[in-house]
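Asker: My structure is below; once you've seen it, I'll send some questions.
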Amino acid sequence: LPVRPLLLELRNRLMYAAAAILVAFIVCYIFKEQIYAFLVRPLAHIYQEMGITDRRMIYTGLTEAFFTYVKVAFFAGAFIAFPFVAIQLWLFIAPGLYKNEKEAFLPFLIATPILFFFGGAFVYYFVFPMAWKFFLSFETPGVEPGSLPIQLEARVGEYLDLVMKLIFAFGIAFQLPVGLTLLGKVGI
C-alpha cells in the first residue's frame, strides 16, 4: 500500500479535527461567561447553603482572568468537538479493518463519549458538592484575640484548573469499562 495517500488522508483528517476544535473553541469563547458561571455554580451553591453571600473569585495576575477564559473555552471546545474528532479518527482507521473488526469496535466508539460525559456529570453533580463542603470546613472565624480568620479567597485560575482537571480525570476514569472489555477481548 503506498504511503503517500495514507499520509494525505491522515493530514486531511487531522486538519478537519483541528478545524472542528478551533470552531468549537471560538463558539465557546463567545459564551465564556456562561461556561464560567456553570463551572462555578457548585461552589456558589455551597456558599449559599452555608448562608455566606459576600464571597468572590479573585485573580492576582494581570492576564490570569483572560488566560483562564481561554483555557475554559478550549476545554469546553475540545469536549464539544470530541465526537467529531473521534469520527475523523474512525474514518481514517475504518478502511483498514475487516467487517467483523468494524462491528466489534463500533460499540466502543459509541460508549466512549457517553461514559466520558457520565464521568464529568458524576464529578460535577456528586463529587464537587462533597469536596467543596469538606474544603470549606477548614475555614475558621479567628475568635481569639490577635488571631485572624481563615477564609477562602479562591483564585479564578486555580479553581477552574482544579475543576477542569477533575472533570477530565473522572471522564477518563469512566473509560475503565471500555479499556477492560477491550483487554478482555484480546485475551489480556
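Identifiers for the C-alpha cells are assigned positionally: chains receive A, B, ... in sequence, residues are indexed from 1 per chain, and ligands are indexed from 1 in the order shown.
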Skip Ala78 (chain A) itself and residues of its chain fewer than 5 positions away, then list as a list in words all residues within 9 Å of it, counting only C-alpha atoms.

Answerer: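 Result of the neighbour search: Ala20, Ile21, Leu22, Ala24, Phe25, Ala73 and Val85 of chain A.
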
Asker: So that I can see what lies close to Glu158 (chain A), please list as a list of chain:residue names the residues with an atom at most 12 Å from it, counting only C-alpha atoms and leaving out residues fewer than 3 positions away in the same chain.

Answerer: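 Near Glu158 (chain A), the qualifying residues are A:Val40, A:Met57, A:Ile58, A:Tyr59, A:Thr60, A:Gly61, A:Glu64, A:Ala65, A:Phe67, A:Thr68, A:Lys71, A:Val72, A:Glu153, A:Ala154, A:Arg155, A:Asp161, A:Leu162, A:Val163, A:Met164, A:Lys165.
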
Asker: Given the selection you just returned, output its residues as a file containing C-alpha atoms, formatted as a PDB file, in the first residue's frame.

Answerer:
ATOM      1  CA  VAL A  40     -18.517  27.999  39.440  1.00  0.00           C
ATOM      2  CA  MET A  57     -13.422  34.833  42.986  1.00  0.00           C
ATOM      3  CA  ILE A  58     -10.196  36.791  42.592  1.00  0.00           C
ATOM      4  CA  TYR A  59      -7.338  36.940  40.154  1.00  0.00           C
ATOM      5  CA  THR A  60      -3.877  38.053  41.163  1.00  0.00           C
ATOM      6  CA  GLY A  61      -2.134  38.341  37.827  1.00  0.00           C
ATOM      7  CA  GLU A  64      -4.894  35.476  34.749  1.00  0.00           C
ATOM      8  CA  ALA A  65      -8.598  36.061  34.022  1.00  0.00           C
ATOM      9  CA  PHE A  67      -5.950  33.108  30.050  1.00  0.00           C
ATOM     10  CA  THR A  68      -8.366  31.309  32.353  1.00  0.00           C
ATOM     11  CA  LYS A  71      -8.360  27.620  28.877  1.00  0.00           C
ATOM     12  CA  VAL A  72     -12.023  27.188  29.786  1.00  0.00           C
ATOM     13  CA  GLU A 153     -10.350  33.721  48.645  1.00  0.00           C
ATOM     14  CA  ALA A 154     -10.421  31.432  45.638  1.00  0.00           C
ATOM     15  CA  ARG A 155      -8.303  32.405  42.660  1.00  0.00           C
ATOM     16  CA  ASP A 161      -7.876  24.426  36.728  1.00  0.00           C
ATOM     17  CA  LEU A 162      -8.931  22.094  39.531  1.00  0.00           C
ATOM     18  CA  VAL A 163     -12.468  21.781  38.160  1.00  0.00           C
ATOM     19  CA  MET A 164     -11.272  21.007  34.623  1.00  0.00           C
ATOM     20  CA  LYS A 165      -8.668  18.506  35.842  1.00  0.00           C
TER      21      LYS A 165
END

Asker: Pick from A:Tyr47, A:Phe118, A:Tyr69, A:Tyr16: nearest to Gln175 (chain A), with only C-alpha atoms counted?

Answerer: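 Under the stated criterion, the closest residue is A:Phe118.
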
Asker: Tell me, which residues of region 42-176 of chain A carry DSSP strand (DSSP E or B), written as an MDAnalysis selection string?

Answerer: chainID A and resid 58 140 150 155

Asker: For a test of reading the model, state the distance in Å between CA of Val27 (chain A) and CA of Ala81 (chain A), rounded to one decimal.

Answerer: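 Distance reported for this atom pair: 11.0 Å.
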
Asker: With only C-alpha atoms as the atoms that count, which of A:Leu166, A:Ala121, A:Ala76, A:Met50 lies nearest to Lys133 (chain A)?

Answerer: A:Met50

Asker: Would you mind listing what lies within 9 Å of region 88-98 of chain A as a list of chain:residue names, with only C-alpha atoms counted and same-chain residues fewer than 3 positions away left out?

Answerer: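 Surrounding residues, per the criterion: A:Leu6, A:Glu9, A:Leu10, A:Arg13, A:Leu14, A:Tyr16, A:Ala17, A:Pro83, A:Phe84, A:Val85, A:Glu101, A:Lys102, A:Glu103, A:Leu109.
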
Asker: Those residues with N, CA and C atoms, as a PDB file, in the first residue's frame please?

Answerer:
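This is the output file out_29.pdb:
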ATOM      1  N   LEU A   6      -1.900   7.533   2.217  1.00  0.00           N
ATOM      2  CA  LEU A   6      -2.248   7.387   3.631  1.00  0.00           C
ATOM      3  C   LEU A   6      -1.884   8.631   4.424  1.00  0.00           C
ATOM      4  N   GLU A   9      -4.343  11.342   3.569  1.00  0.00           N
ATOM      5  CA  GLU A   9      -5.614  11.087   4.255  1.00  0.00           C
ATOM      6  C   GLU A   9      -5.497  11.439   5.742  1.00  0.00           C
ATOM      7  N   LEU A  10      -4.397  11.050   6.371  1.00  0.00           N
ATOM      8  CA  LEU A  10      -4.173  11.382   7.778  1.00  0.00           C
ATOM      9  C   LEU A  10      -4.115  12.894   7.967  1.00  0.00           C
ATOM     10  N   ARG A  13      -7.629  14.330   7.702  1.00  0.00           N
ATOM     11  CA  ARG A  13      -8.438  14.022   8.896  1.00  0.00           C
ATOM     12  C   ARG A  13      -7.998  14.862  10.088  1.00  0.00           C
ATOM     13  N   LEU A  14      -6.678  15.045  10.249  1.00  0.00           N
ATOM     14  CA  LEU A  14      -6.169  15.869  11.345  1.00  0.00           C
ATOM     15  C   LEU A  14      -6.556  17.337  11.158  1.00  0.00           C
ATOM     16  N   TYR A  16      -9.283  18.408   9.582  1.00  0.00           N
ATOM     17  CA  TYR A  16     -10.708  18.509   9.891  1.00  0.00           C
ATOM     18  C   TYR A  16     -10.930  18.519  11.405  1.00  0.00           C
ATOM     19  N   ALA A  17     -10.198  17.669  12.101  1.00  0.00           N
ATOM     20  CA  ALA A  17     -10.331  17.605  13.556  1.00  0.00           C
ATOM     21  C   ALA A  17      -9.872  18.906  14.201  1.00  0.00           C
ATOM     22  N   PRO A  83     -16.682  14.277  19.715  1.00  0.00           N
ATOM     23  CA  PRO A  83     -17.330  13.304  18.823  1.00  0.00           C
ATOM     24  C   PRO A  83     -16.896  13.451  17.361  1.00  0.00           C
ATOM     25  N   PHE A  84     -16.746  14.680  16.883  1.00  0.00           N
ATOM     26  CA  PHE A  84     -16.304  14.886  15.504  1.00  0.00           C
ATOM     27  C   PHE A  84     -14.867  14.403  15.317  1.00  0.00           C
ATOM     28  N   VAL A  85     -14.006  14.667  16.296  1.00  0.00           N
ATOM     29  CA  VAL A  85     -12.610  14.212  16.226  1.00  0.00           C
ATOM     30  C   VAL A  85     -12.576  12.680  16.209  1.00  0.00           C
ATOM     31  N   GLU A 101     -14.141  -6.702  12.453  1.00  0.00           N
ATOM     32  CA  GLU A 101     -13.403  -5.801  13.343  1.00  0.00           C
ATOM     33  C   GLU A 101     -14.145  -4.474  13.498  1.00  0.00           C
ATOM     34  N   LYS A 102     -14.736  -3.999  12.400  1.00  0.00           N
ATOM     35  CA  LYS A 102     -15.537  -2.772  12.473  1.00  0.00           C
ATOM     36  C   LYS A 102     -16.732  -2.964  13.405  1.00  0.00           C
ATOM     37  N   GLU A 103     -17.390  -4.111  13.266  1.00  0.00           N
ATOM     38  CA  GLU A 103     -18.557  -4.388  14.113  1.00  0.00           C
ATOM     39  C   GLU A 103     -18.159  -4.528  15.581  1.00  0.00           C
ATOM     40  N   LEU A 109     -16.793   2.706  20.246  1.00  0.00           N
ATOM     41  CA  LEU A 109     -16.776   4.062  19.713  1.00  0.00           C
ATOM     42  C   LEU A 109     -17.983   4.856  20.208  1.00  0.00           C
TER      43      LEU A 109
END

Asker: Compare A:Ala131, A:Thr140, A:Pro107, A:Tyr125 by their minimum atom-to-atom distance to Pro177 (chain A), counting only C-alpha atoms, and give me the closest one.

Answerer: A:Pro107

Asker: Would you please work out which residue, of A:Trp132, A:Phe138, A:Phe82, A:Phe108, is nearest to Leu176 (chain A) when using only C-alpha atoms?

Answerer: A:Phe108

Asker: I need the residues of chain A that end up classed as helix (DSSP H, G or I) by DSSP on the backbone, written out as a ChimeraX atom specification.

Answerer: /A:3-30,32-49,64-96,99-136,156-173,176-186

Asker: Please produce an output containing C-alpha atoms for each residue in the selection, written as a CSV table (one decimal), in the first residue's frame.

Answerer:
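And here's result_31.csv as it stands now:
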chain,number,residue,atom,x,y,z
A,3,VAL,CA,2.4,5.6,1.9
A,4,ARG,CA,1.7,9.0,0.3
A,5,PRO,CA,-2.1,8.6,0.0
A,6,LEU,CA,-2.2,7.4,3.6
A,7,LEU,CA,-0.3,10.4,4.8
A,8,LEU,CA,-2.5,12.7,2.8
A,9,GLU,CA,-5.6,11.1,4.3
A,10,LEU,CA,-4.2,11.4,7.8
A,11,ARG,CA,-3.3,15.0,7.2
A,12,ASN,CA,-6.8,15.8,5.9
A,13,ARG,CA,-8.4,14.0,8.9
A,14,LEU,CA,-6.2,15.9,11.3
A,15,MET,CA,-7.0,19.2,9.7
A,16,TYR,CA,-10.7,18.5,9.9
A,17,ALA,CA,-10.3,17.6,13.6
A,18,ALA,CA,-8.2,20.7,14.3
A,19,ALA,CA,-10.7,22.9,12.4
A,20,ALA,CA,-13.6,21.4,14.5
A,21,ILE,CA,-11.7,22.1,17.7
A,22,LEU,CA,-10.9,25.7,16.6
A,23,VAL,CA,-14.6,26.4,15.6
A,24,ALA,CA,-15.8,24.9,18.9
A,25,PHE,CA,-13.2,27.0,20.8
A,26,ILE,CA,-14.4,30.2,19.1
A,27,VAL,CA,-18.0,29.4,19.9
A,28,CYS,CA,-17.1,28.6,23.5
A,29,TYR,CA,-15.1,31.7,23.8
A,30,ILE,CA,-18.1,33.7,22.8
A,32,LYS,CA,-17.1,32.1,28.1
A,33,GLU,CA,-19.1,33.9,30.9
A,34,GLN,CA,-21.9,31.3,30.8
A,35,ILE,CA,-19.4,28.4,30.9
A,36,TYR,CA,-17.6,30.1,33.8
A,37,ALA,CA,-20.9,30.5,35.6
A,38,PHE,CA,-21.7,26.9,35.1
A,39,LEU,CA,-18.3,25.7,36.4
A,40,VAL,CA,-18.5,28.0,39.4
A,41,ARG,CA,-22.1,27.1,40.3
A,42,PRO,CA,-21.2,24.2,42.7
A,43,LEU,CA,-19.0,26.4,44.8
A,44,ALA,CA,-21.6,29.2,44.8
A,45,HIS,CA,-24.3,26.8,45.7
A,46,ILE,CA,-22.3,25.5,48.8
A,47,TYR,CA,-21.7,29.2,49.8
A,48,GLN,CA,-25.5,29.8,49.5
A,49,GLU,CA,-26.3,26.7,51.6
A,64,GLU,CA,-4.9,35.5,34.7
A,65,ALA,CA,-8.6,36.1,34.0
A,66,PHE,CA,-8.0,36.3,30.3
A,67,PHE,CA,-5.9,33.1,30.0
A,68,THR,CA,-8.4,31.3,32.4
A,69,TYR,CA,-11.2,32.2,30.0
A,70,VAL,CA,-9.1,30.9,27.1
A,71,LYS,CA,-8.4,27.6,28.9
A,72,VAL,CA,-12.0,27.2,29.8
A,73,ALA,CA,-13.1,27.9,26.2
A,74,PHE,CA,-10.5,25.4,24.8
A,75,PHE,CA,-11.5,22.8,27.3
A,76,ALA,CA,-15.2,23.2,26.5
A,77,GLY,CA,-14.5,23.3,22.8
A,78,ALA,CA,-12.4,20.1,22.9
A,79,PHE,CA,-15.2,18.5,24.9
A,80,ILE,CA,-17.8,19.5,22.3
A,81,ALA,CA,-15.7,18.7,19.3
A,82,PHE,CA,-14.6,15.3,20.7
A,83,PRO,CA,-17.3,13.3,18.8
A,84,PHE,CA,-16.3,14.9,15.5
A,85,VAL,CA,-12.6,14.2,16.2
A,86,ALA,CA,-13.4,10.6,17.1
A,87,ILE,CA,-15.4,10.3,13.8
A,88,GLN,CA,-12.4,11.6,11.9
A,89,LEU,CA,-10.2,9.0,13.6
A,90,TRP,CA,-12.7,6.3,12.8
A,91,LEU,CA,-12.9,7.4,9.2
A,92,PHE,CA,-9.1,7.1,8.9
A,93,ILE,CA,-8.9,3.7,10.7
A,94,ALA,CA,-12.1,2.0,9.4
A,95,PRO,CA,-11.0,1.4,5.8
A,96,GLY,CA,-8.1,-0.8,7.1
A,99,LYS,CA,-16.1,-6.1,8.6
A,100,ASN,CA,-16.0,-8.1,11.8
A,101,GLU,CA,-13.4,-5.8,13.3
A,102,LYS,CA,-15.5,-2.8,12.5
A,103,GLU,CA,-18.6,-4.4,14.1
A,104,ALA,CA,-16.5,-5.2,17.2
A,105,PHE,CA,-15.2,-1.6,17.5
A,106,LEU,CA,-18.5,0.2,16.9
A,107,PRO,CA,-20.0,-0.3,20.5
A,108,PHE,CA,-16.7,1.0,22.0
A,109,LEU,CA,-16.8,4.1,19.7
A,110,ILE,CA,-20.3,4.8,20.9
A,111,ALA,CA,-19.7,4.1,24.6
A,112,THR,CA,-16.5,6.2,24.9
A,113,PRO,CA,-18.1,9.7,24.7
A,114,ILE,CA,-21.1,8.6,26.6
A,115,LEU,CA,-19.0,7.3,29.5
A,116,PHE,CA,-16.8,10.3,29.4
A,117,PHE,CA,-19.9,12.6,29.7
A,118,PHE,CA,-21.2,10.5,32.6
A,119,GLY,CA,-17.8,10.8,34.4
A,120,GLY,CA,-17.9,14.6,34.0
A,121,ALA,CA,-21.5,14.7,35.2
A,122,PHE,CA,-20.7,12.5,38.2
A,123,VAL,CA,-17.9,14.7,39.4
A,124,TYR,CA,-19.9,17.9,38.8
A,125,TYR,CA,-23.1,16.8,40.5
A,126,PHE,CA,-21.9,14.5,43.2
A,127,VAL,CA,-18.2,14.9,44.0
A,128,PHE,CA,-17.9,18.7,43.8
A,129,PRO,CA,-20.6,19.4,46.4
A,130,MET,CA,-19.0,17.0,48.9
A,131,ALA,CA,-15.4,18.1,48.2
A,132,TRP,CA,-16.2,21.8,48.4
A,133,LYS,CA,-18.0,21.3,51.7
A,134,PHE,CA,-15.0,19.4,53.0
A,135,PHE,CA,-12.5,22.0,51.9
A,136,LEU,CA,-14.7,24.9,53.2
A,156,VAL,CA,-10.3,32.0,39.5
A,157,GLY,CA,-7.4,30.3,37.7
A,158,GLU,CA,-6.7,27.8,40.4
A,159,TYR,CA,-10.3,26.9,40.9
A,160,LEU,CA,-11.1,26.4,37.2
A,161,ASP,CA,-7.9,24.4,36.7
A,162,LEU,CA,-8.9,22.1,39.5
A,163,VAL,CA,-12.5,21.8,38.2
A,164,MET,CA,-11.3,21.0,34.6
A,165,LYS,CA,-8.7,18.5,35.8
A,166,LEU,CA,-11.3,16.7,37.9
A,167,ILE,CA,-13.8,16.6,35.1
A,168,PHE,CA,-11.1,15.2,32.8
A,169,ALA,CA,-9.9,12.7,35.3
A,170,PHE,CA,-13.3,11.4,36.1
A,171,GLY,CA,-14.1,11.2,32.4
A,172,ILE,CA,-11.0,9.2,31.8
A,173,ALA,CA,-11.7,7.0,34.9
A,176,LEU,CA,-12.3,1.9,32.5
A,177,PRO,CA,-15.1,-0.5,31.4
A,178,VAL,CA,-14.2,0.2,27.7
A,179,GLY,CA,-10.5,-0.5,28.4
A,180,LEU,CA,-11.1,-3.6,30.5
A,181,THR,CA,-13.5,-5.0,27.9
A,182,LEU,CA,-11.0,-4.3,25.1
A,183,LEU,CA,-8.3,-6.0,27.1
A,184,GLY,CA,-10.6,-9.0,27.8
A,185,LYS,CA,-11.4,-9.3,24.1
A,186,VAL,CA,-7.7,-9.5,23.2
